[in-house]
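For reference, final07.txt is printed below; it contains compact mmCIF, C-alpha atoms.
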```txt
# COMPACT_ATOMS: atom_id res chain seq x y z
CA MET A 4 0.00 0.00 0.00
CA ALA A 5 2.80 2.39 0.81
CA ARG A 6 4.49 1.70 -2.54
CA SER A 7 1.30 2.43 -4.34
CA LYS A 8 0.97 5.85 -2.69
CA ASN A 9 4.56 6.75 -3.50
CA GLN A 10 3.98 5.97 -7.15
CA GLY A 11 0.75 7.92 -7.14
CA GLY A 12 2.54 10.85 -5.53
CA ALA A 13 5.26 10.77 -8.15
CA GLY A 14 2.73 10.72 -10.93
CA GLY A 15 0.88 13.66 -9.38
CA ALA A 16 4.11 15.65 -9.31
CA ARG A 17 4.74 15.00 -12.95
CA SER A 18 1.19 16.05 -13.74
CA VAL A 19 1.65 19.45 -12.00
CA GLU A 20 4.99 20.06 -13.72
CA SER A 21 3.50 19.48 -17.15
CA LYS A 22 0.87 22.15 -16.52
CA SER A 23 3.43 24.87 -15.49
CA GLN A 24 5.74 24.52 -18.60
CA PRO A 25 4.49 25.11 -22.18
CA ALA A 26 4.85 22.16 -24.45
CA ARG A 27 7.57 22.22 -27.07
CA GLY A 28 6.36 23.67 -30.37
CA GLY A 29 3.49 25.47 -28.69
CA LYS A 30 2.45 29.10 -29.14
CA PRO A 31 4.66 31.81 -27.50
CA THR A 32 3.47 33.14 -24.23
CA LEU A 33 1.85 36.55 -23.85
CA LYS A 34 5.08 37.90 -22.38
CA GLN A 35 7.07 36.63 -25.33
CA GLN A 36 4.57 38.17 -27.73
CA ARG A 37 4.87 41.53 -26.00
CA GLU A 38 8.67 41.39 -26.09
CA ALA A 39 8.57 40.50 -29.78
CA GLU A 40 6.22 43.41 -30.46
CA ILE A 41 8.51 45.78 -28.55
CA GLN A 42 11.53 44.58 -30.56
CA ARG A 43 9.59 45.01 -33.80
CA LYS A 44 8.62 48.56 -32.89
CA LEU A 45 12.20 49.36 -31.82
CA ALA A 46 13.51 48.04 -35.13
CA GLY A 47 10.96 50.17 -37.00
CA PHE A 48 11.88 53.24 -34.97
CA LYS A 49 15.59 52.68 -35.63
CA LEU A 50 14.90 52.31 -39.34
CA GLN A 51 12.86 55.52 -39.45
CA HIS A 52 15.54 57.34 -37.43
CA SER A 53 18.23 56.08 -39.79
CA ARG A 54 16.25 57.20 -42.86
CA ALA A 55 15.55 60.61 -41.34
CA ARG A 56 19.21 61.07 -40.46
CA ARG A 57 20.26 60.02 -43.95
CA ASN A 58 17.77 62.44 -45.53
CA ARG A 59 19.01 65.29 -43.33
CA LEU A 60 22.58 64.49 -44.30
CA ILE A 61 21.66 64.46 -47.99
CA LEU A 62 19.83 67.79 -47.57
CA ILE A 63 22.80 69.36 -45.78
CA ILE A 64 25.28 68.12 -48.38
CA THR A 65 23.04 69.35 -51.19
CA ALA A 66 22.63 72.75 -49.55
CA TRP A 67 26.38 73.07 -49.03
CA THR A 68 27.07 72.01 -52.62
CA VAL A 69 24.58 74.52 -54.02
CA GLY A 70 25.89 77.23 -51.70
CA ILE A 71 29.49 76.62 -52.69
CA ALA A 72 28.53 76.62 -56.38
CA VAL A 73 26.67 79.93 -55.98
CA VAL A 74 29.54 81.56 -54.09
CA ALA A 75 32.06 80.27 -56.63
CA GLY A 76 29.93 81.62 -59.45
CA LEU A 77 29.69 85.04 -57.80
CA VAL A 78 33.44 85.13 -57.20
CA ILE A 79 34.18 84.17 -60.79
CA PHE A 80 31.72 86.77 -62.06
CA ALA A 81 33.20 89.46 -59.79
CA VAL A 82 36.76 88.67 -60.88
CA THR A 83 36.05 88.37 -64.59
CA SER A 84 33.92 91.51 -64.64
CA THR A 85 36.84 93.56 -63.29
CA LEU A 86 39.34 92.23 -65.78
CA PRO A 87 39.89 94.32 -68.89
CA LYS A 88 38.22 92.83 -71.93
CA SER A 89 40.51 91.74 -74.73
CA PRO A 90 40.22 94.11 -77.67
CA PRO A 91 39.07 92.64 -80.97
CA ALA A 92 41.73 91.51 -83.40
CA ALA A 93 40.54 94.18 -85.84
CA ILE A 94 38.75 97.43 -85.06
CA ASP A 95 36.45 98.73 -87.73
CA GLY A 96 37.46 102.11 -89.10
CA VAL A 97 41.09 102.16 -87.95
CA GLN A 98 43.42 103.66 -90.55
CA SER A 99 47.06 102.58 -90.78
CA PHE A 100 50.02 104.66 -91.95
CA SER A 101 53.47 103.32 -92.75
CA GLY A 102 56.86 104.74 -93.61
CA LEU A 103 56.87 107.23 -90.72
CA SER A 104 60.18 108.82 -89.85
CA SER A 105 61.26 109.20 -86.23
CA ASN A 106 64.04 111.76 -86.13
CA HIS A 107 64.49 114.29 -83.32
CA VAL A 108 64.16 117.86 -84.50
CA THR A 109 64.14 121.29 -82.91
CA THR A 110 61.84 122.99 -85.41
CA PRO A 111 58.05 122.74 -85.94
CA VAL A 112 56.97 119.80 -88.08
CA LYS A 113 54.23 119.79 -90.72
CA TYR A 114 52.48 116.44 -90.35
CA ALA A 115 50.50 114.62 -93.03
CA GLN A 116 47.82 113.45 -90.60
CA THR A 117 45.60 115.49 -88.29
CA PRO A 118 46.31 114.89 -85.48
CA PRO A 119 49.72 113.39 -86.28
CA VAL A 120 50.32 109.66 -85.80
CA GLY A 121 54.11 109.68 -86.12
CA GLY A 122 57.03 111.29 -87.88
CA ASN A 123 59.85 113.57 -86.82
CA HIS A 124 59.37 115.01 -83.36
CA SER A 125 60.86 116.85 -80.42
CA ALA A 126 63.60 115.20 -78.38
CA VAL A 127 61.45 115.75 -75.26
CA PRO A 128 58.27 113.67 -74.84
CA LEU A 129 55.02 115.10 -73.55
CA ASN A 130 54.10 113.81 -70.09
CA CYS A 131 51.09 111.52 -70.44
CA ALA A 132 48.10 113.18 -68.75
CA VAL A 133 44.75 114.87 -69.29
CA TYR A 134 45.00 118.42 -70.62
CA SER A 135 42.35 121.11 -70.97
CA GLU A 136 44.29 123.02 -73.64
CA PRO A 137 45.97 121.99 -76.92
CA VAL A 138 49.42 120.46 -76.54
CA PRO A 139 52.46 120.70 -78.85
CA ASN A 140 52.33 118.15 -81.67
CA GLU A 141 56.05 117.50 -81.67
CA ASN A 142 56.14 116.52 -77.98
CA ALA A 143 52.97 114.41 -78.22
CA VAL A 144 54.38 112.46 -81.19
CA HIS A 145 57.45 111.58 -79.10
CA SER A 146 55.07 110.08 -76.53
CA LEU A 147 53.38 108.07 -79.31
CA GLU A 148 56.82 106.70 -80.15
CA HIS A 149 56.97 105.34 -76.57
CA GLY A 150 53.63 103.54 -76.93
CA ALA A 151 51.20 106.21 -75.72
CA VAL A 152 47.69 106.66 -77.12
CA TRP A 153 46.64 110.22 -77.85
CA VAL A 154 42.90 110.93 -77.70
CA THR A 155 41.88 114.35 -79.01
CA TYR A 156 38.49 115.99 -79.19
CA ASP A 157 36.88 118.94 -80.94
CA PRO A 158 36.12 121.40 -78.10
CA THR A 159 33.19 122.81 -80.07
CA ALA A 160 31.53 119.36 -80.17
CA VAL A 161 32.61 117.79 -76.87
CA SER A 162 32.23 119.57 -73.54
CA GLY A 163 30.51 119.35 -70.15
CA ALA A 164 29.16 115.92 -69.25
CA GLN A 165 30.44 114.40 -72.50
CA LEU A 166 33.95 115.55 -71.71
CA ASP A 167 33.65 114.06 -68.21
CA VAL A 168 32.74 110.70 -69.75
CA LEU A 169 35.73 110.87 -72.08
CA ARG A 170 38.10 111.75 -69.25
CA LYS A 171 36.96 108.74 -67.22
CA ASP A 172 37.97 106.42 -70.05
CA ILE A 173 41.55 107.70 -70.20
CA PRO A 174 44.09 105.49 -68.35
CA SER A 175 46.46 107.09 -65.89
CA SER A 176 49.56 106.08 -67.84
CA TYR A 177 50.60 105.93 -71.50
CA ALA A 178 47.58 107.97 -72.55
CA ILE A 179 47.05 111.63 -73.43
CA LEU A 180 43.76 113.50 -73.70
CA SER A 181 43.62 117.02 -75.06
CA PRO A 182 41.42 119.31 -77.17
CA TYR A 183 42.53 119.71 -80.76
CA SER A 184 41.53 122.63 -82.92
CA GLY A 185 40.52 121.39 -86.35
CA ASP A 186 39.95 117.77 -85.26
CA PRO A 187 38.38 115.99 -88.27
CA SER A 188 35.84 114.23 -85.98
CA PRO A 189 34.36 114.96 -82.55
CA VAL A 190 36.84 112.43 -81.10
CA VAL A 191 40.01 111.02 -82.66
CA ALA A 192 42.19 108.30 -81.14
CA SER A 193 45.75 108.10 -82.39
CA ALA A 194 48.73 105.83 -81.77
CA TRP A 195 51.96 105.39 -83.69
CA GLY A 196 50.94 104.63 -87.28
CA VAL A 197 47.20 104.16 -86.61
CA GLN A 198 44.16 106.40 -86.13
CA LEU A 199 40.44 106.10 -85.43
CA LYS A 200 37.85 108.81 -86.08
CA ALA A 201 34.81 108.53 -83.77
CA SER A 202 31.54 110.40 -84.03
CA GLY A 203 31.14 110.82 -80.25
CA VAL A 204 32.37 109.94 -76.79
CA ASP A 205 30.00 106.96 -76.57
CA ASP A 206 31.66 105.15 -79.50
CA PRO A 207 32.78 101.78 -78.00
CA ARG A 208 35.66 101.62 -80.47
CA ILE A 209 37.51 104.29 -78.49
CA LYS A 210 37.98 101.92 -75.54
CA ASP A 211 38.91 99.10 -77.90
CA PHE A 212 41.49 101.32 -79.58
CA ILE A 213 43.05 102.31 -76.26
CA ALA A 214 43.18 98.68 -75.08
CA LYS A 215 44.71 97.47 -78.34
CA TYR A 216 47.33 100.14 -79.05
CA ARG A 217 48.31 101.45 -75.62
CA SER A 218 51.91 100.27 -74.99
CA ALA A 219 51.64 98.20 -78.17
CA LYS A 220 54.74 96.65 -79.69
CA SER A 221 53.87 98.37 -82.95
CA ALA A 222 55.33 101.57 -81.48
CA PRO A 223 59.04 102.15 -82.21
CA GLU A 224 59.98 102.32 -78.49
CA PRO A 225 57.21 100.66 -76.45
CA GLY A 226 57.71 100.93 -72.70
CA ALA A 227 60.00 103.95 -72.85
CA PRO A 228 59.01 106.61 -70.28
CA CYS A 229 55.82 108.60 -70.77
CA SER A 230 56.77 110.88 -67.86
CA GLY A 231 59.77 112.93 -66.91
CA GLY A 232 59.38 115.01 -70.04
CA VAL A 233 57.48 118.24 -70.40
CA ASP A 234 53.96 119.23 -69.33
CA GLY A 235 51.67 120.83 -71.86
CA PRO A 236 49.43 123.77 -70.99
CA GLY A 237 46.30 123.13 -68.94
CA LYS A 238 47.39 119.88 -67.31
CA VAL A 239 44.44 118.49 -65.33
CA GLN A 240 45.73 115.16 -64.00
```

If you took the structure in this file and wrote it as structure tokens, what would it be?
Amino acid sequence: MARSKNQGGAGGARSVESKSQPARGGKPTLKQQREAEIQRKLAGFKLQHSRARRNRLILIITAWTVGIAVVAGLVIFAVTSTLPKSPPAAIDGVQSFSGLSSNHVTTPVKYAQTPPVGGNHSAVPLNCAVYSEPVPNENAVHSLEHGAVWVTYDPTAVSGAQLDVLRKDIPSSYAILSPYSGDPSPVVASAWGVQLKASGVDDPRIKDFIAKYRSAKSAPEPGAPCSGGVDGPGKVQ
């Protein structure tokens, strides 16, 4: 009888144990389901966070790239806009004269062109500057020999605001501006061996002429001093 009870007790213990543990291959417990759901939500949150971070990074990189491109474009525009434009290879209306002599003389010279573009001249160059009165031909021609550009204007046709515009276009070196009585056009630009007649101060060819022939190698002595000579009457600057 005692043996029978012990066996029954053992069987009862096994029966209780089987009720407290889930059988293998059974459904997950409620706790396991909740943990799985939490892990799933955490994974989704991490994925969303990663995508949002990636999108922000792409947006920042794009903004920086666009910003750098805009700044670079502005810098390039600012630099290139301040650089002098290259003059055209040929300027419409420019006349050329060859066979010009270049001797130093002490007497007045009768020149074939008005204003002169070369020929015999004074041994003393005219200081390059802006003048309000006519300057001596012989001294100005010596400056042309050194590569200067001489811009003359008819004082009866150019004055006031127009003259101010013309003066602003004259460089501070290797350029002369002066009135010229009997100028064949309102404005004439001359360099050694070449000349341009312009109908007004707004003719864009004047700037092109200055850029092309100022200190040009076509002059007999380009780069020789355009200062240290003599001032003409009415020197302004």

Compile the contact shell of segment 103-111 of chain A as a PyMOL selection string: residues with an atom at most 9 Å away, counting all atoms listed in the file, same-chain residues fewer than 6 positions apart removed. chain A and resi 120-127+140-141+145+148+195-196+223

For the atom pair atom CA of His149 of chain A and atom CA of Val112 of chain A, what is the interatomic distance in Å to one decimal place? 18.5 Å

Test item: residues at most 10 Å from Val239 of chain A, all atoms listed in the file, excluding those fewer than 5 positions along its chain, as a ChimeraX atom specification: /A:132-136,180-181

Go ahead and save the picked residues with C-alpha atoms, as an mmCIF file, in the coordinates of the input.
```
data_model
loop_
_atom_site.group_PDB
_atom_site.id
_atom_site.type_symbol
_atom_site.label_atom_id
_atom_site.label_comp_id
_atom_site.auth_asym_id
_atom_site.auth_seq_id
_atom_site.Cartn_x
_atom_site.Cartn_y
_atom_site.Cartn_z
ATOM 1 C CA ALA A 132 48.100 113.180 -68.750
ATOM 2 C CA VAL A 133 44.750 114.870 -69.290
ATOM 3 C CA TYR A 134 45.000 118.420 -70.620
ATOM 4 C CA SER A 135 42.350 121.110 -70.970
ATOM 5 C CA GLU A 136 44.290 123.020 -73.640
ATOM 6 C CA LEU A 180 43.760 113.500 -73.700
ATOM 7 C CA SER A 181 43.620 117.020 -75.060
#
```

Select, counting only C-alpha atoms, all protein, DNA and RNA residues no farther than 12 Å from (39.7, 110.5, -68.9) in file coordinates, and express the selection as a compact mmCIF listing (two decimals) with C-alpha atoms, in the coordinates of the input.
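Listed below is the output, part_18.txt:
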```
# COMPACT_ATOMS: atom_id res chain seq x y z
CA CYS A 131 51.09 111.52 -70.44
CA ALA A 132 48.10 113.18 -68.75
CA VAL A 133 44.75 114.87 -69.29
CA TYR A 134 45.00 118.42 -70.62
CA SER A 135 42.35 121.11 -70.97
CA TRP A 153 46.64 110.22 -77.85
CA VAL A 154 42.90 110.93 -77.70
CA THR A 155 41.88 114.35 -79.01
CA TYR A 156 38.49 115.99 -79.19
CA ALA A 164 29.16 115.92 -69.25
CA GLN A 165 30.44 114.40 -72.50
CA LEU A 166 33.95 115.55 -71.71
CA ASP A 167 33.65 114.06 -68.21
CA VAL A 168 32.74 110.70 -69.75
CA LEU A 169 35.73 110.87 -72.08
CA ARG A 170 38.10 111.75 -69.25
CA LYS A 171 36.96 108.74 -67.22
CA ASP A 172 37.97 106.42 -70.05
CA ILE A 173 41.55 107.70 -70.20
CA PRO A 174 44.09 105.49 -68.35
CA SER A 175 46.46 107.09 -65.89
CA SER A 176 49.56 106.08 -67.84
CA ALA A 178 47.58 107.97 -72.55
CA ILE A 179 47.05 111.63 -73.43
CA LEU A 180 43.76 113.50 -73.70
CA SER A 181 43.62 117.02 -75.06
CA VAL A 204 32.37 109.94 -76.79
CA ILE A 209 37.51 104.29 -78.49
CA LYS A 210 37.98 101.92 -75.54
CA ILE A 213 43.05 102.31 -76.26
CA VAL A 239 44.44 118.49 -65.33
CA GLN A 240 45.73 115.16 -64.00
```

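For the pair atom CA of Pro31 of chain A and atom CA of Phe48 of chain A, the separation is 23.8 Å.
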
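Across the structure, atom CA of Ser101 of chain A and atom CA of Gly150 of chain A are spaced 15.8 Å apart.
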
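Distances from A:Leu50, A:Leu45, A:Leu129, A:Leu33 to Pro236 of chain A were compared using all atoms listed in the file, and the smallest one belongs to A:Leu129.
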
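Nearest-residue note for Pro207 of chain A: choosing from A:Ser146, A:Gly163, A:Val190, A:Leu62, the minimum distance belongs to A:Val190, counting all atoms listed in the file.
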
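With all atoms listed in the file as the basis for measurement, A:Ala92 is the residue among A:Val144, A:Ala227, A:Val233, A:Ala92 that approaches Asp211 of chain A most closely.
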
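Non-sequential neighbours of Gly226 of chain A (distance at most 9 Å, separation of 6 or more positions within a chain, all atoms listed in the file) are His149, Gly150, Ala151, Tyr177, Ser218, Ala219 and Lys220 of chain A.
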
Given all atoms listed in the file as the counted atoms, nearest of A:Lys200, A:Leu147, A:Pro189, A:Asp206 to Ala222 of chain A: A:Leu147

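Of the residues under consideration (A:Gly47, A:Gly231, A:Pro118, A:Pro187), A:Gly231 shows the shortest atom-to-atom contact distance to Asn130 of chain A when counting all atoms listed in the file.
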